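Note: the block below is input-v6.txt and it holds compact mmCIF, C-alpha atoms.
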# COMPACT_ATOMS: atom_id res chain seq x y z
CA MET E 149 0.00 0.00 0.00
CA LYS E 150 1.30 3.44 -0.94
CA GLN E 151 2.36 5.45 2.10
CA LYS E 152 0.53 8.75 2.42
CA VAL E 153 2.02 12.08 3.45
CA THR E 154 1.14 12.57 7.11
CA THR E 155 -0.38 16.01 7.60
CA MET E 156 -1.30 18.15 10.61
CA ILE E 157 -3.64 21.15 10.71
CA ILE E 158 -3.24 24.01 13.20
CA GLU E 159 -6.51 25.97 13.02
CA ASP E 160 -8.90 27.25 15.70
CA ASP E 161 -11.88 27.88 13.37
CA SER E 162 -13.84 24.61 13.32
CA ARG E 163 -15.49 25.29 9.94
CA ALA E 164 -12.21 26.15 8.25
CA SER E 165 -10.52 23.20 9.90
CA TYR E 166 -13.24 20.77 8.77
CA ALA E 167 -13.18 22.01 5.16
CA LEU E 168 -9.39 21.84 5.06
CA GLU E 169 -9.27 18.37 6.61
CA SER E 170 -11.89 17.05 4.18
CA THR E 171 -10.03 18.43 1.15
CA ILE E 172 -6.69 17.01 2.28
CA ASN E 173 -8.14 13.57 3.05
CA GLN E 174 -9.80 13.48 -0.36
CA HIS E 175 -6.34 13.61 -1.94
CA SER E 176 -5.06 10.09 -2.51
CA ASP E 177 -1.53 10.93 -1.36
CA PHE E 178 -2.24 12.79 1.89
CA GLU E 179 -3.73 11.93 5.29
CA VAL E 180 -4.56 14.21 8.21
CA VAL E 181 -3.21 12.64 11.40
CA ALA E 182 -3.84 15.51 13.83
CA VAL E 183 -5.84 18.73 14.16
CA SER E 184 -4.74 21.34 16.71
CA GLU E 185 -6.67 24.41 17.85
CA THR E 186 -3.95 26.03 19.96
CA CYS E 187 -0.19 26.53 19.94
CA ALA E 188 0.16 24.25 22.96
CA ASP E 189 -1.80 21.46 21.26
CA ALA E 190 0.23 21.91 18.08
CA LEU E 191 3.56 21.42 19.85
CA MET E 192 2.24 18.37 21.69
CA HIS E 193 0.66 16.83 18.57
CA TYR E 194 3.82 17.32 16.55
CA GLU E 195 5.82 15.37 19.10
CA LEU E 196 3.22 12.58 19.05
CA TYR E 197 2.69 12.26 15.29
CA LYS E 198 5.79 13.80 13.63
CA PRO E 199 3.81 14.86 10.53
CA GLN E 200 5.61 15.52 7.26
CA LEU E 201 3.44 18.52 6.32
CA VAL E 202 1.81 21.11 8.61
CA PHE E 203 -0.88 23.65 7.69
CA VAL E 204 -0.60 26.61 10.08
CA ASP E 205 -2.99 29.47 10.82
CA ILE E 206 -1.35 32.59 12.21
CA THR E 207 -3.96 33.82 14.70
CA LEU E 208 -4.51 31.27 17.48
CA PRO E 209 -6.15 31.57 20.94
CA ASP E 210 -2.90 31.23 22.88
CA GLY E 211 -0.39 32.72 20.50
CA ASN E 212 0.83 33.03 16.95
CA GLY E 213 1.32 30.39 14.27
CA ILE E 214 4.62 32.01 13.32
CA ASP E 215 5.83 31.35 16.87
CA VAL E 216 4.84 27.70 16.52
CA ILE E 217 6.94 27.34 13.37
CA GLN E 218 9.90 29.06 15.04
CA GLN E 219 9.66 26.76 18.08
CA LEU E 220 9.39 23.63 15.96
CA ARG E 221 12.37 24.78 13.88
CA ARG E 222 14.41 25.29 17.06
CA ASP E 223 13.40 21.78 18.17
CA GLY E 224 14.70 20.38 14.89
CA ALA E 225 11.34 19.55 13.31
CA ASN E 226 11.80 17.81 9.97
CA CYS E 227 8.66 18.90 8.14
CA TYR E 228 7.25 21.41 5.68
CA PHE E 229 4.87 24.25 6.55
CA ILE E 230 2.00 25.84 4.61
CA MET E 231 0.42 29.02 6.01
CA THR E 232 -3.39 29.38 5.93
CA THR E 233 -4.35 32.83 7.15
CA ALA E 234 -6.28 36.02 6.52
CA GLU E 235 -3.10 38.02 7.19
CA ARG E 236 -2.08 39.90 4.03
CA ASP E 237 0.45 42.28 5.54
CA ALA E 238 3.66 42.20 3.51
CA SER E 239 5.84 42.04 6.63
CA THR E 240 3.96 38.95 7.84
CA VAL E 241 4.36 37.25 4.48
CA GLU E 242 8.07 38.12 4.50
CA GLN E 243 8.51 36.71 7.99
CA ALA E 244 6.79 33.47 6.99
CA VAL E 245 8.94 33.14 3.86
CA GLN E 246 12.09 33.71 5.93
CA LEU E 247 11.05 30.71 8.05
CA GLY E 248 11.03 28.56 4.93
CA ILE E 249 7.31 27.94 4.40
CA SER E 250 6.35 25.97 1.30
CA ASP E 251 3.21 27.97 0.48
CA TYR E 252 1.03 30.81 1.74
CA LEU E 253 -2.75 30.46 1.34
CA VAL E 254 -4.95 33.49 2.01
CA LYS E 255 -8.37 33.07 3.64
CA PRO E 256 -11.12 32.57 2.76
CA LEU E 257 -9.51 29.44 1.35
CA ARG E 258 -10.29 28.21 -2.13
CA MET E 259 -10.25 24.43 -2.08
CA SER E 260 -8.74 24.31 -5.58
CA ARG E 261 -5.82 26.36 -4.23
CA VAL E 262 -5.42 23.91 -1.34
CA ARG E 263 -5.33 21.03 -3.82
CA GLN E 264 -2.76 22.92 -5.87
CA ALA E 265 -0.60 23.38 -2.76
CA LEU E 266 -0.77 19.63 -2.10
CA ASP E 267 0.14 18.81 -5.69
CA ASP E 268 2.99 21.33 -5.65
CA TYR E 269 4.38 19.76 -2.47
CA LYS E 270 4.10 16.28 -3.96
CA LEU E 271 5.82 17.35 -7.19
CA TYR E 272 8.58 19.14 -5.27
CA ARG E 273 9.29 16.02 -3.21
CA GLN E 274 9.24 13.80 -6.28
CA LYS E 275 11.75 16.02 -8.09
CA LEU E 276 14.10 16.00 -5.10
CA ALA E 277 13.86 12.22 -4.87
CA THR E 278 15.00 11.78 -8.47
CA HIS E 279 18.24 13.75 -8.02
CA GLU E 280 21.27 12.79 -5.92
CA THR E 281 23.16 15.85 -7.11
CA VAL E 282 21.70 18.81 -8.96
CA ASP E 283 22.90 21.44 -11.40
CA GLN E 284 21.42 24.95 -11.80
CA GLY E 285 18.85 23.77 -14.33
CA ALA E 286 17.57 21.05 -12.00
CA ILE E 287 17.45 23.48 -9.07
CA ASP E 288 15.46 25.98 -11.16
CA GLN E 289 13.01 23.23 -12.08
CA ILE E 290 12.65 22.01 -8.49
CA LEU E 291 12.05 25.55 -7.21
CA GLY E 292 9.57 26.30 -9.99
CA LYS E 293 11.68 29.00 -11.61
CA ARG E 294 10.67 27.81 -15.05
CA SER E 295 7.31 26.73 -16.39
CA SER E 296 7.02 24.87 -19.67
CA THR E 297 3.24 25.30 -19.80
CA PRO E 298 1.01 28.13 -18.56
CA VAL E 299 -0.86 27.44 -15.32
CA ARG E 300 -4.62 27.19 -15.67
CA ARG E 301 -6.77 29.25 -13.34
CA THR E 302 -9.64 26.80 -13.69
CA PRO E 303 -10.05 23.05 -14.33
CA LYS E 304 -10.69 21.65 -17.78
CA GLY E 305 -14.22 22.42 -18.99
CA ILE E 306 -14.47 25.69 -17.04
CA ASP E 307 -13.82 28.74 -19.22
CA VAL E 308 -12.35 31.72 -17.35
CA THR E 309 -14.40 34.29 -19.27
CA THR E 310 -17.70 32.49 -18.66
CA LEU E 311 -16.82 31.96 -15.00
CA ASP E 312 -15.95 35.64 -14.56
CA SER E 313 -19.28 36.58 -16.15
CA LEU E 314 -21.16 34.39 -13.68
CA LYS E 315 -19.18 35.80 -10.75
CA LYS E 316 -19.87 39.36 -11.89
CA ILE E 317 -23.63 38.72 -11.90
CA LEU E 318 -23.49 37.15 -8.44
CA LYS E 319 -21.43 40.02 -7.06
CA GLU E 320 -23.39 42.88 -8.60
CA GLU E 321 -26.91 41.51 -8.02
CA LYS E 322 -26.18 39.94 -4.60
CA LEU E 323 -28.68 37.18 -5.28
CA THR E 324 -29.87 35.24 -2.25
CA ASP E 325 -31.72 32.25 -3.70
CA PHE E 326 -31.36 31.55 -7.40
CA SER E 327 -31.84 28.61 -9.71
CA VAL E 328 -30.06 27.26 -12.77
CA ASP E 329 -32.91 28.69 -14.88
CA ASP E 330 -32.43 32.15 -13.35
CA MET E 331 -28.74 32.21 -14.24
CA SER E 332 -29.33 30.65 -17.66
CA GLU E 333 -31.61 33.56 -18.60
CA ARG E 334 -29.23 36.18 -17.23
CA MET E 335 -26.15 34.74 -18.96
CA ASN E 336 -27.89 33.61 -22.15
CA VAL E 337 -26.26 30.16 -21.98
CA SER E 338 -27.70 26.66 -21.65
CA ARG E 339 -28.93 25.24 -18.36
CA ILE E 340 -26.39 22.41 -18.67
CA THR E 341 -23.55 24.93 -18.89
CA VAL E 342 -24.82 26.97 -15.95
CA ARG E 343 -25.21 23.84 -13.82
CA ARG E 344 -21.61 22.82 -14.55
CA TYR E 345 -20.29 26.22 -13.48
CA LEU E 346 -22.44 26.35 -10.34
CA GLU E 347 -21.28 22.87 -9.37
CA TYR E 348 -17.70 24.09 -9.77
CA LEU E 349 -18.39 27.12 -7.54
CA GLU E 350 -20.06 24.80 -5.04
CA SER E 351 -16.92 22.64 -4.92
CA GLU E 352 -14.95 25.82 -4.21
CA GLY E 353 -17.27 26.78 -1.34
CA VAL E 354 -18.46 29.92 -3.14
CA VAL E 355 -22.11 28.80 -3.37
CA LYS E 356 -24.14 26.05 -1.76
CA MET E 357 -27.09 24.10 -3.07
CA VAL E 358 -30.32 23.96 -1.04
CA LEU E 359 -33.65 22.30 -1.69
CA ASN E 360 -36.85 24.36 -1.66
CA TYR E 361 -39.74 22.12 -0.57
CA LYS E 362 -42.36 24.89 -0.79
CA THR E 363 -43.25 24.06 -4.36
CA GLY E 364 -46.30 21.88 -3.93
CA GLY E 365 -44.48 19.12 -5.78
CA ARG E 366 -40.92 18.03 -6.32
CA PRO E 367 -38.40 20.09 -4.34
CA ARG E 368 -36.62 22.75 -6.39
CA ARG E 369 -32.85 23.11 -6.42
CA LEU E 370 -31.67 26.58 -5.46
CA TYR E 371 -28.22 28.04 -4.91
CA GLN E 372 -27.06 30.52 -2.30
CA LEU E 373 -23.92 32.64 -2.20
CA THR E 374 -21.87 31.66 0.88
CA ASP E 375 -19.18 34.34 0.91
CA ILE E 376 -19.06 37.29 -1.49
CA ASN E 377 -15.31 37.70 -0.77
CA LEU E 378 -14.64 34.41 -2.58
CA LEU E 379 -15.79 36.05 -5.82
CA ASP E 380 -12.71 38.28 -5.91

Final structure tokens representation of the file:
Amino acid sequence: MKQKVTTMIIEDDSRASYALESTINQHSDFEVVAVSETCADALMHYELYKPQLVFVDITLPDGNGIDVIQQLRRDGANCYFIMTTAERDASTVEQAVQLGISDYLVKPLRMSRVRQALDDYKLYRQKLATHETVDQGAIDQILGKRSSTPVRRTPKGIDVTTLDSLKKILKEEKLTDFSVDDMSERMNVSRITVRRYLEYLESEGVVKMVLNYKTGGRPRRLYQLTDINLLD
């Protein structure tokens, strides 16, 4: 059986923690072995589980995620760190980078960006494993200094222009409950297309699907915007 990358989450927001844990565990190569809500728990859990990858929030009830990384570094922790935080201050980002973090994810988290961070970590480790010694070209490739193909913003089948059009409507009209038919009329595209894009936004946590039973018949599928900030 293939050994999975053991992963720990340091996050005091239960909703964010649950979404992050679910996304990580859905990846075939990663497994969450511990979830910590405080700095104290994080230090204890690291000693117990020795995870290979740690997702760290900065603001915690008893301290700062940056302090946790610094303490674990002093203790000789052999792991990689990914920040997950709402902090966008340049000095905070710089401090995290100086500590050698692998990635920096800004809240509210997009699950596609989390999956990208996992894939990037996996690819980085694979590239290191295939080289005993490296030249400048190999180092540039490992560190992502060169890209042979442009990075897609969206998965296959999701056009950026169409997606941006849908997001613009949601942001400007601030719709509360809307159906596939509603969006199909506004965008002048097929219901099948609209459903595909709404399902994508649902997977990203931007919208959620609810059932309206007040129809006198079969329940009607409606969508609700969960966080307007995720449209940016």

Scan for residues within 7 Å of the point (-25.2, 25.3, -7.1) in the coordinates of the file, using only C-alpha atoms, and reply as a PyMOL selection string.
chain E and resi 343+346-347+350+355-357+370-371

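With CA of Thr232 (chain E) on one side and CA of Ile376 (chain E) on the other, the separation reads 19.1 Å.
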
Nearest residue to Leu318 (chain E) out of E:Asp380, E:Glu179, E:Asp267, E:Glu169, using all atoms listed in the file?
E:Asp380

Within 12 Å of (-4.4, 33.5, 15.0) (file coordinates; only C-alpha atoms), which protein or nucleic acid residues are there? I'd like them as number ranges by chain.
E: 158-161, 185-187, 204-216, 231-235

I'd like the interatomic distance between CA of Ala190 (chain E) and CA of Tyr272 (chain E), to a tenth of an Å.
25.0 Å

If I take CA of Asn336 (chain E) and CA of Leu323 (chain E), how far is one from the other in Å, to one decimal?
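Distance between the two atoms: 17.3 Å.
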
Just want the 12 Å neighbourhood of Ser351 (chain E), counted on only C-alpha atoms, with same-chain residues fewer than 2 positions away dropped. Output as a ChimeraX atom specification.
/E:167,170-171,257-261,263,303,344-349,353-357,374

For Leu359 (chain E), please output as a short mmCIF file (atom, residue, chain, number, x, y, z; two decimals) with C-alpha atoms, in the coordinates of the input all residues within 6 Å (counting only C-alpha atoms; exclusion window: fewer than 2 positions along the same chain).
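File selection-v3.cif, as written:
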data_model
loop_
_atom_site.label_atom_id
_atom_site.label_comp_id
_atom_site.auth_asym_id
_atom_site.auth_seq_id
_atom_site.Cartn_x
_atom_site.Cartn_y
_atom_site.Cartn_z
CA PRO E 367 -38.40 20.09 -4.34
CA ARG E 368 -36.62 22.75 -6.39
CA ARG E 369 -32.85 23.11 -6.42
#

Go through E:His193, E:Pro256, E:Leu266, E:Gln200 and flag the residue nearest Ala164 (chain E), using only C-alpha atoms for the distances.
E:Pro256

Measuring atom to atom with only C-alpha atoms, identify which of E:Tyr194, E:Gln372, E:Asn360, E:Arg273 is nearest to Asn226 (chain E).
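Nearest candidate to Asn226 (chain E) out of E:Tyr194, E:Gln372, E:Asn360, E:Arg273: E:Tyr194.
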
Identify which of the residues E:Gln151, E:Thr278, E:Ser184, E:Ser332 lies closest to Ser165 (chain E), counting all atoms listed in the file when measuring atom-to-atom distances.
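Checking each candidate against Ser165 (chain E), we get E:Ser184 as the closest.
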
Name all residues at most 9 Å from Lys152 (chain E) (count only C-alpha atoms; drop same-chain ones fewer than 2 positions away) and give them as a ChimeraX atom specification.
/E:150,154-155,176-179
